[in-house]
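Below is model.pdb, holding PDB, N, CA, C and O atoms.
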MODEL        1
ATOM      1  N   MET I1475      99.600  95.161  83.714
ATOM      2  CA  MET I1475      99.132  95.661  82.450
ATOM      3  C   MET I1475     100.000  96.849  82.071
ATOM      4  O   MET I1475     100.506  97.570  82.929
ATOM      5  N   LEU I1476     100.131  97.049  80.784
ATOM      6  CA  LEU I1476     100.950  98.134  80.264
ATOM      7  C   LEU I1476     100.132  98.894  79.219
ATOM      8  O   LEU I1476      99.441  98.281  78.396
ATOM      9  N   ALA I1477     100.205 100.213  79.281
ATOM     10  CA  ALA I1477      99.414 101.060  78.390
ATOM     11  C   ALA I1477     100.053 101.182  77.013
ATOM     12  O   ALA I1477     101.268 101.152  76.860
ATOM     13  N   GLU I1478      99.181 101.340  76.033
ATOM     14  CA  GLU I1478      99.600 101.706  74.678
ATOM     15  C   GLU I1478      98.930 103.045  74.380
ATOM     16  O   GLU I1478      97.726 103.205  74.582
ATOM     17  N   TYR I1479      99.720 104.006  73.912
ATOM     18  CA  TYR I1479      99.183 105.313  73.552
ATOM     19  C   TYR I1479      98.711 105.300  72.108
ATOM     20  O   TYR I1479      99.190 104.527  71.288
ATOM     21  N   GLY I1480      97.816 106.214  71.791
ATOM     22  CA  GLY I1480      97.358 106.401  70.425
ATOM     23  C   GLY I1480      98.327 107.288  69.658
ATOM     24  O   GLY I1480      99.438 107.566  70.123
ATOM     25  N   PRO I1481      97.919 107.787  68.493
ATOM     26  CA  PRO I1481      98.804 108.583  67.644
ATOM     27  C   PRO I1481      99.256 109.900  68.274
ATOM     28  O   PRO I1481     100.284 110.444  67.889
ATOM     29  N   SER I1482      98.529 110.417  69.269
ATOM     30  CA  SER I1482      98.912 111.675  69.925
ATOM     31  C   SER I1482      99.913 111.458  71.051
ATOM     32  O   SER I1482     100.310 112.414  71.717
ATOM     33  N   GLY I1483     100.295 110.212  71.310
ATOM     34  CA  GLY I1483     101.239 109.917  72.378
ATOM     35  C   GLY I1483     100.612 110.123  73.748
ATOM     36  O   GLY I1483      99.382 110.136  73.886
ATOM     37  N   PRO I1484     101.425 110.323  74.775
ATOM     38  CA  PRO I1484     100.909 110.480  76.137
ATOM     39  C   PRO I1484      99.867 111.582  76.286
ATOM     40  O   PRO I1484      98.948 111.468  77.094
ATOM     41  N   ALA I1485      99.974 112.636  75.482
ATOM     42  CA  ALA I1485      99.012 113.740  75.585
ATOM     43  C   ALA I1485      97.594 113.287  75.248
ATOM     44  O   ALA I1485      96.623 113.856  75.738
ATOM     45  N   GLY I1486      97.469 112.257  74.434
ATOM     46  CA  GLY I1486      96.157 111.758  74.035
ATOM     47  C   GLY I1486      95.583 110.721  74.974
ATOM     48  O   GLY I1486      94.456 110.272  74.792
ATOM     49  N   GLY I1487      96.355 110.320  75.966
ATOM     50  CA  GLY I1487      95.896 109.327  76.931
ATOM     51  C   GLY I1487      96.066 107.901  76.431
ATOM     52  O   GLY I1487      96.548 107.655  75.329
ATOM     53  N   VAL I1488      95.655 106.988  77.268
ATOM     54  CA  VAL I1488      95.803 105.562  76.977
ATOM     55  C   VAL I1488      94.801 105.148  75.908
ATOM     56  O   VAL I1488      93.617 105.422  76.004
ATOM     57  N   LYS I1489      95.313 104.495  74.876
ATOM     58  CA  LYS I1489      94.461 103.961  73.814
ATOM     59  C   LYS I1489      93.990 102.558  74.193
ATOM     60  O   LYS I1489      92.823 102.217  74.047
ATOM     61  N   THR I1490      94.937 101.723  74.675
ATOM     62  CA  THR I1490      94.649 100.327  74.975
ATOM     63  C   THR I1490      95.513  99.853  76.136
ATOM     64  O   THR I1490      96.688 100.205  76.220
ATOM     65  N   TRP I1491      94.915  99.045  77.015
ATOM     66  CA  TRP I1491      95.671  98.369  78.071
ATOM     67  C   TRP I1491      95.944  96.939  77.615
ATOM     68  O   TRP I1491      95.048  96.249  77.142
ATOM     69  N   HIS I1492      97.202  96.528  77.751
ATOM     70  CA  HIS I1492      97.622  95.177  77.368
ATOM     71  C   HIS I1492      98.098  94.425  78.604
ATOM     72  O   HIS I1492      98.682  95.025  79.513
ATOM     73  N   ILE I1493      97.895  93.134  78.615
ATOM     74  CA  ILE I1493      98.451  92.293  79.675
ATOM     75  C   ILE I1493      99.829  91.841  79.217
ATOM     76  O   ILE I1493      99.988  91.357  78.085
ATOM     77  N   VAL I1494     100.807  92.029  80.086
ATOM     78  CA  VAL I1494     102.183  91.623  79.791
ATOM     79  C   VAL I1494     102.671  90.703  80.899
ATOM     80  O   VAL I1494     102.173  90.744  82.022
ATOM     81  N   ARG I1495     103.631  89.877  80.563
ATOM     82  CA  ARG I1495     104.290  89.076  81.599
ATOM     83  C   ARG I1495     105.231  90.010  82.361
ATOM     84  O   ARG I1495     105.727  90.987  81.798
ATOM     85  N   GLU I1496     105.459  89.705  83.614
ATOM     86  CA  GLU I1496     106.279  90.572  84.464
ATOM     87  C   GLU I1496     107.628  90.870  83.820
ATOM     88  O   GLU I1496     108.340  89.967  83.393
ATOM     89  N   GLY I1497     107.939  92.157  83.723
ATOM     90  CA  GLY I1497     109.214  92.600  83.177
ATOM     91  C   GLY I1497     109.280  92.613  81.658
ATOM     92  O   GLY I1497     110.293  92.995  81.093
ATOM     93  N   ALA I1498     108.207  92.192  80.982
ATOM     94  CA  ALA I1498     108.214  92.132  79.519
ATOM     95  C   ALA I1498     107.606  93.390  78.918
ATOM     96  O   ALA I1498     106.776  94.050  79.535
ATOM     97  N   ALA I1499     108.026  93.709  77.707
ATOM     98  CA  ALA I1499     107.488  94.865  76.989
ATOM     99  C   ALA I1499     106.677  94.401  75.780
ATOM    100  O   ALA I1499     106.515  95.133  74.819
ATOM    101  N   VAL I1500     106.164  93.173  75.845
ATOM    102  CA  VAL I1500     105.354  92.621  74.768
ATOM    103  C   VAL I1500     104.052  92.127  75.370
ATOM    104  O   VAL I1500     104.048  91.333  76.321
ATOM    105  N   GLY I1501     102.923  92.601  74.828
ATOM    106  CA  GLY I1501     101.625  92.142  75.304
ATOM    107  C   GLY I1501     101.412  90.679  74.964
ATOM    108  O   GLY I1501     102.070  90.132  74.073
ATOM    109  N   LEU I1502     100.497  90.039  75.666
ATOM    110  CA  LEU I1502     100.177  88.651  75.356
ATOM    111  C   LEU I1502      99.674  88.518  73.923
ATOM    112  O   LEU I1502      99.729  87.445  73.333
ATOM    113  N   CYS I1503      99.231  89.616  73.340
ATOM    114  CA  CYS I1503      98.755  89.640  71.954
ATOM    115  C   CYS I1503      99.910  89.720  70.951
ATOM    116  O   CYS I1503      99.710  89.582  69.756
ATOM    117  N   GLY I1504     101.133  89.974  71.457
ATOM    118  CA  GLY I1504     102.298  90.093  70.591
ATOM    119  C   GLY I1504     102.704  91.525  70.290
ATOM    120  O   GLY I1504     103.755  91.766  69.694
ATOM    121  N   ARG I1505     101.912  92.500  70.710
ATOM    122  CA  ARG I1505     102.209  93.913  70.457
ATOM    123  C   ARG I1505     103.404  94.349  71.293
ATOM    124  O   ARG I1505     103.440  94.127  72.498
ATOM    125  N   GLU I1506     104.417  94.956  70.640
ATOM    126  CA  GLU I1506     105.565  95.494  71.363
ATOM    127  C   GLU I1506     105.161  96.826  71.968
ATOM    128  O   GLU I1506     104.548  97.664  71.306
ATOM    129  N   LEU I1507     105.506  97.009  73.242
ATOM    130  CA  LEU I1507     105.079  98.188  73.996
ATOM    131  C   LEU I1507     106.280  98.911  74.581
ATOM    132  O   LEU I1507     107.388  98.377  74.635
ATOM    133  N   ASP I1508     106.048 100.116  75.047
ATOM    134  CA  ASP I1508     107.078 100.954  75.659
ATOM    135  C   ASP I1508     107.033 100.749  77.170
ATOM    136  O   ASP I1508     106.028 101.054  77.808
ATOM    137  N   MET I1509     108.121 100.249  77.744
ATOM    138  CA  MET I1509     108.166  99.980  79.187
ATOM    139  C   MET I1509     108.022 101.242  80.021
ATOM    140  O   MET I1509     107.737 101.160  81.208
ATOM    141  N   SER I1510     108.207 102.421  79.430
ATOM    142  CA  SER I1510     108.041 103.651  80.199
ATOM    143  C   SER I1510     106.577 104.105  80.240
ATOM    144  O   SER I1510     106.254 105.074  80.925
ATOM    145  N   ALA I1511     105.704 103.411  79.535
ATOM    146  CA  ALA I1511     104.273 103.742  79.549
ATOM    147  C   ALA I1511     103.680 103.382  80.917
ATOM    148  O   ALA I1511     104.250 102.582  81.665
ATOM    149  N   PRO I1512     102.531 103.962  81.258
ATOM    150  CA  PRO I1512     101.901 103.640  82.539
ATOM    151  C   PRO I1512     101.624 102.149  82.683
ATOM    152  O   PRO I1512     101.325 101.460  81.711
ATOM    153  N   GLN I1513     101.748 101.691  83.916
ATOM    154  CA  GLN I1513     101.463 100.294  84.238
ATOM    155  C   GLN I1513     100.372 100.261  85.287
ATOM    156  O   GLN I1513     100.212 101.199  86.058
ATOM    157  N   ARG I1514      99.610  99.185  85.296
ATOM    158  CA  ARG I1514      98.617  99.003  86.355
ATOM    159  C   ARG I1514      98.468  97.524  86.649
ATOM    160  O   ARG I1514      98.792  96.672  85.828
ATOM    161  N   ASP I1515      97.997  97.249  87.826
ATOM    162  CA  ASP I1515      97.800  95.877  88.277
ATOM    163  C   ASP I1515      96.735  95.198  87.408
ATOM    164  O   ASP I1515      95.706  95.794  87.116
ATOM    165  N   PRO I1516      96.966  93.954  86.997
ATOM    166  CA  PRO I1516      95.977  93.258  86.177
ATOM    167  C   PRO I1516      94.642  93.053  86.884
ATOM    168  O   PRO I1516      93.625  92.820  86.235
ATOM    169  N   GLY I1517      94.618  93.184  88.191
ATOM    170  CA  GLY I1517      93.367  93.088  88.931
ATOM    171  C   GLY I1517      92.401  94.212  88.592
ATOM    172  O   GLY I1517      91.214  94.154  88.911
ATOM    173  N   LEU I1518      92.906  95.249  87.907
ATOM    174  CA  LEU I1518      92.072  96.390  87.510
ATOM    175  C   LEU I1518      91.517  96.220  86.094
ATOM    176  O   LEU I1518      90.979  97.158  85.524
ATOM    177  N   TRP I1519      91.629  95.033  85.542
ATOM    178  CA  TRP I1519      91.187  94.755  84.170
ATOM    179  C   TRP I1519      89.730  95.164  83.947
ATOM    180  O   TRP I1519      89.361  95.624  82.871
ATOM    181  N   ASP I1520      88.902  95.047  84.962
ATOM    182  CA  ASP I1520      87.472  95.336  84.795
ATOM    183  C   ASP I1520      87.139  96.826  84.929
ATOM    184  O   ASP I1520      86.001  97.216  84.748
ATOM    185  N   ARG I1521      88.117  97.678  85.199
ATOM    186  CA  ARG I1521      87.849  99.104  85.401
ATOM    187  C   ARG I1521      87.520  99.852  84.107
ATOM    188  O   ARG I1521      86.710 100.751  84.102
ATOM    189  N   THR I1522      88.205  99.527  83.031
ATOM    190  CA  THR I1522      87.993 100.226  81.760
ATOM    191  C   THR I1522      87.903  99.203  80.627
ATOM    192  O   THR I1522      88.776  99.145  79.760
ATOM    193  N   PRO I1523      86.846  98.397  80.600
ATOM    194  CA  PRO I1523      86.769  97.323  79.607
ATOM    195  C   PRO I1523      86.869  97.795  78.159
ATOM    196  O   PRO I1523      87.390  97.078  77.306
ATOM    197  N   SER I1524      86.411  98.992  77.857
ATOM    198  CA  SER I1524      86.468  99.465  76.472
ATOM    199  C   SER I1524      87.895  99.768  76.017
ATOM    200  O   SER I1524      88.149  99.893  74.821
ATOM    201  N   LEU I1525      88.822  99.879  76.964
ATOM    202  CA  LEU I1525      90.220 100.164  76.626
ATOM    203  C   LEU I1525      91.103  98.919  76.671
ATOM    204  O   LEU I1525      92.301  99.009  76.404
ATOM    205  N   ASN I1526      90.540  97.777  77.008
ATOM    206  CA  ASN I1526      91.343  96.565  77.159
ATOM    207  C   ASN I1526      91.529  95.836  75.833
ATOM    208  O   ASN I1526      90.602  95.729  75.038
ATOM    209  N   CYS I1527      92.727  95.304  75.637
ATOM    210  CA  CYS I1527      93.022  94.505  74.450
ATOM    211  C   CYS I1527      92.296  93.169  74.568
ATOM    212  O   CYS I1527      92.575  92.376  75.474
ATOM    213  N   HIS I1528      91.372  92.930  73.663
ATOM    214  CA  HIS I1528      90.584  91.704  73.681
ATOM    215  C   HIS I1528      91.471  90.470  73.544
ATOM    216  O   HIS I1528      91.285  89.468  74.235
ATOM    217  N   THR I1529      92.462  90.539  72.671
ATOM    218  CA  THR I1529      93.333  89.391  72.447
ATOM    219  C   THR I1529      94.149  89.070  73.690
ATOM    220  O   THR I1529      94.275  87.904  74.066
ATOM    221  N   CYS I1530      94.689  90.095  74.352
ATOM    222  CA  CYS I1530      95.437  89.856  75.596
ATOM    223  C   CYS I1530      94.541  89.166  76.628
ATOM    224  O   CYS I1530      94.965  88.232  77.304
ATOM    225  N   GLY I1531      93.301  89.630  76.749
ATOM    226  CA  GLY I1531      92.370  89.038  77.699
ATOM    227  C   GLY I1531      92.083  87.586  77.375
ATOM    228  O   GLY I1531      92.046  86.727  78.268
ATOM    229  N   ALA I1532      91.890  87.282  76.099
ATOM    230  CA  ALA I1532      91.602  85.913  75.690
ATOM    231  C   ALA I1532      92.785  84.985  75.971
ATOM    232  O   ALA I1532      92.613  83.877  76.486
ATOM    233  N   VAL I1533      93.994  85.451  75.651
ATOM    234  CA  VAL I1533      95.186  84.628  75.904
ATOM    235  C   VAL I1533      95.364  84.420  77.399
ATOM    236  O   VAL I1533      95.649  83.306  77.855
ATOM    237  N   PHE I1534      95.166  85.474  78.180
ATOM    238  CA  PHE I1534      95.305  85.355  79.633
ATOM    239  C   PHE I1534      94.343  84.297  80.180
ATOM    240  O   PHE I1534      94.723  83.445  80.975
ATOM    241  N   LEU I1535      93.081  84.364  79.754
ATOM    242  CA  LEU I1535      92.100  83.401  80.251
ATOM    243  C   LEU I1535      92.439  81.974  79.847
ATOM    244  O   LEU I1535      92.174  81.029  80.589
ATOM    245  N   ARG I1536      93.035  81.793  78.689
ATOM    246  CA  ARG I1536      93.442  80.442  78.257
ATOM    247  C   ARG I1536      94.612  79.924  79.101
ATOM    248  O   ARG I1536      94.750  78.729  79.285
ATOM    249  N   GLU I1537      95.454  80.834  79.583
ATOM    250  CA  GLU I1537      96.630  80.432  80.354
ATOM    251  C   GLU I1537      96.373  80.348  81.852
ATOM    252  O   GLU I1537      97.114  79.691  82.566
ATOM    253  N   ALA I1538      95.345  81.040  82.340
ATOM    254  CA  ALA I1538      95.072  81.084  83.783
ATOM    255  C   ALA I1538      94.454  79.759  84.240
ATOM    256  O   ALA I1538      93.530  79.267  83.606
ATOM    257  N   PRO I1539      94.967  79.222  85.331
ATOM    258  CA  PRO I1539      94.378  77.965  85.825
ATOM    259  C   PRO I1539      92.999  78.203  86.426
ATOM    260  O   PRO I1539      92.725  79.271  86.972
ATOM    261  N   TYR I1540      92.146  77.222  86.285
ATOM    262  CA  TYR I1540      90.824  77.274  86.916
ATOM    263  C   TYR I1540      90.974  76.719  88.327
ATOM    264  O   TYR I1540      91.410  75.587  88.517
ATOM    265  N   VAL I1541      90.664  77.529  89.320
ATOM    266  CA  VAL I1541      90.746  77.125  90.721
ATOM    267  C   VAL I1541      89.314  77.135  91.262
ATOM    268  O   VAL I1541      88.748  78.203  91.500
ATOM    269  N   PRO I1542      88.707  75.958  91.425
ATOM    270  CA  PRO I1542      87.308  75.897  91.833
ATOM    271  C   PRO I1542      86.975  76.705  93.077
ATOM    272  O   PRO I1542      85.917  77.301  93.157
ATOM    273  N   GLY I1543      87.871  76.775  94.047
ATOM    274  CA  GLY I1543      87.620  77.506  95.279
ATOM    275  C   GLY I1543      87.447  79.007  95.078
ATOM    276  O   GLY I1543      86.969  79.706  95.961
ATOM    277  N   GLU I1544      87.855  79.522  93.908
ATOM    278  CA  GLU I1544      87.716  80.941  93.628
ATOM    279  C   GLU I1544      86.384  81.285  92.971
ATOM    280  O   GLU I1544      86.134  82.427  92.625
ATOM    281  N   HIS I1545      85.525  80.285  92.778
ATOM    282  CA  HIS I1545      84.261  80.488  92.071
ATOM    283  C   HIS I1545      83.099  80.055  92.939
ATOM    284  O   HIS I1545      83.257  79.323  93.905
ATOM    285  N   GLU I1546      81.910  80.495  92.557
ATOM    286  CA  GLU I1546      80.728  80.141  93.328
ATOM    287  C   GLU I1546      80.577  78.625  93.395
ATOM    288  O   GLU I1546      80.809  77.921  92.421
ATOM    289  N   GLU I1547      80.114  78.174  94.568
ATOM    290  CA  GLU I1547      79.872  76.737  94.694
ATOM    291  C   GLU I1547      78.712  76.333  93.794
ATOM    292  O   GLU I1547      77.803  77.093  93.558
ATOM    293  N   GLY I1548      78.782  75.129  93.303
ATOM    294  CA  GLY I1548      77.718  74.622  92.467
ATOM    295  C   GLY I1548      77.922  74.893  90.987
ATOM    296  O   GLY I1548      77.141  74.474  90.155
ATOM    297  N   TRP I1549      78.971  75.604  90.607
ATOM    298  CA  TRP I1549      79.238  75.868  89.201
ATOM    299  C   TRP I1549      80.286  74.892  88.716
ATOM    300  O   TRP I1549      81.254  74.658  89.428
ATOM    301  N   PRO I1550      80.172  74.283  87.627
ATOM    302  CA  PRO I1550      79.010  74.330  86.743
ATOM    303  C   PRO I1550      77.866  73.477  87.295
ATOM    304  O   PRO I1550      78.092  72.548  88.059
ATOM    305  N   ALA I1551      76.681  73.805  86.876
ATOM    306  CA  ALA I1551      75.497  73.066  87.339
ATOM    307  C   ALA I1551      75.590  71.623  86.882
ATOM    308  O   ALA I1551      75.982  71.337  85.764
ATOM    309  N   SER I1552      75.230  70.730  87.759
ATOM    310  CA  SER I1552      75.294  69.299  87.429
ATOM    311  C   SER I1552      74.000  68.826  86.835
ATOM    312  O   SER I1552      72.955  69.248  87.135
TER     313      SER I1552
ENDMDL
END

Starting from the coordinates I provided, produce the structure as structure tokens.
Amino acid sequence: MLAEYGPSGPAGGVKTWHIVREGAAVGLCGRELDMSAPQRDPGLWDRTPSLNCHTCGAVFLREAPYVPGEHEEGWPAS
């Protein structure tokens, strides 16, 4: 994930976290970002949900494969 700052720049803190492909400076939402901005592991997506880009999250979920072994057994209910 790559941070986007608000109008105050770094002094104002992170405005939004975007999901980016490795080495890219463009969020999955299409927003161009600054590669020098803070980065964090996408596994931390649930840490600050109010700061996450909804569109990046939606695109990521559409692209991520569903692996049944990673989910509770019995889902979906038959």

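Proximity ranking of I:Pro1484, I:Glu1478, I:Leu1525, I:Val1494 relative to I:Asp1508 places I:Glu1478 first, based on all atoms listed in the file.
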
Ranking I:Pro1539, I:Gly1487, I:Gly1504, I:Pro1512 by minimum distance to I:Met1475 and counting only C-alpha atoms, which one comes first?
I:Pro1512

Atom pair atom CA of I:Val1500 + atom N of I:Val1541, distance 25.6 Å

Could you tell me, as a list in words, which residues of chain I DSSP assigns to strand (DSSP E or B) when given the backbone?
Leu1476, Ala1477, Glu1478, Tyr1479, Val1488, Lys1489, Thr1490, Trp1491, His1492, Val1494, Val1500, Gly1501, Glu1506, Gln1513 and Asn1526 of chain I

When you draw a straight line from atom N of I:Leu1535 to atom C of I:Gly1480, how long is it in Å?
25.6 Å

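Applied to the shown file, the PyMOL selection byres ((chain I and resi 1529) around 8) selects the residues I:Trp1491, I:His1492, I:Ile1493, I:Gly1501, I:Leu1502, I:Cys1503, I:Gly1504, I:Asn1526, I:Cys1527, I:His1528, I:Cys1530, I:Gly1531, I:Ala1532, I:Val1533, I:Phe1534, I:Leu1535, I:Arg1536.
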
Looking only at helix (DSSP H, G or I) from DSSP on the backbone, list the matching residues of stretch 1503-1540 of chain I as a ChimeraX atom specification.
/I:1516-1518,1523-1525,1528-1537

Of the candidates I:Ser1524, I:Leu1476, I:Pro1481, I:Pro1542, which shows the shortest atom-to-atom distance to I:Ala1498, using all atoms listed in the file?
I:Leu1476

Which residues come within 6 Å of I:Ala1499, counting all atoms listed in the file, excluding same-chain residues fewer than 5 positions away, as a PyMOL selection string?
chain I and resi 1505-1509

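Atom CA of I:Arg1514 to atom CA of I:Ala1477 spans 8.3 Å [interatomic distance, one decimal].
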
Using only C-alpha atoms, which of I:Trp1519, I:Glu1537, I:Arg1495, I:Ala1511 sits nearest I:Tyr1479?
I:Ala1511
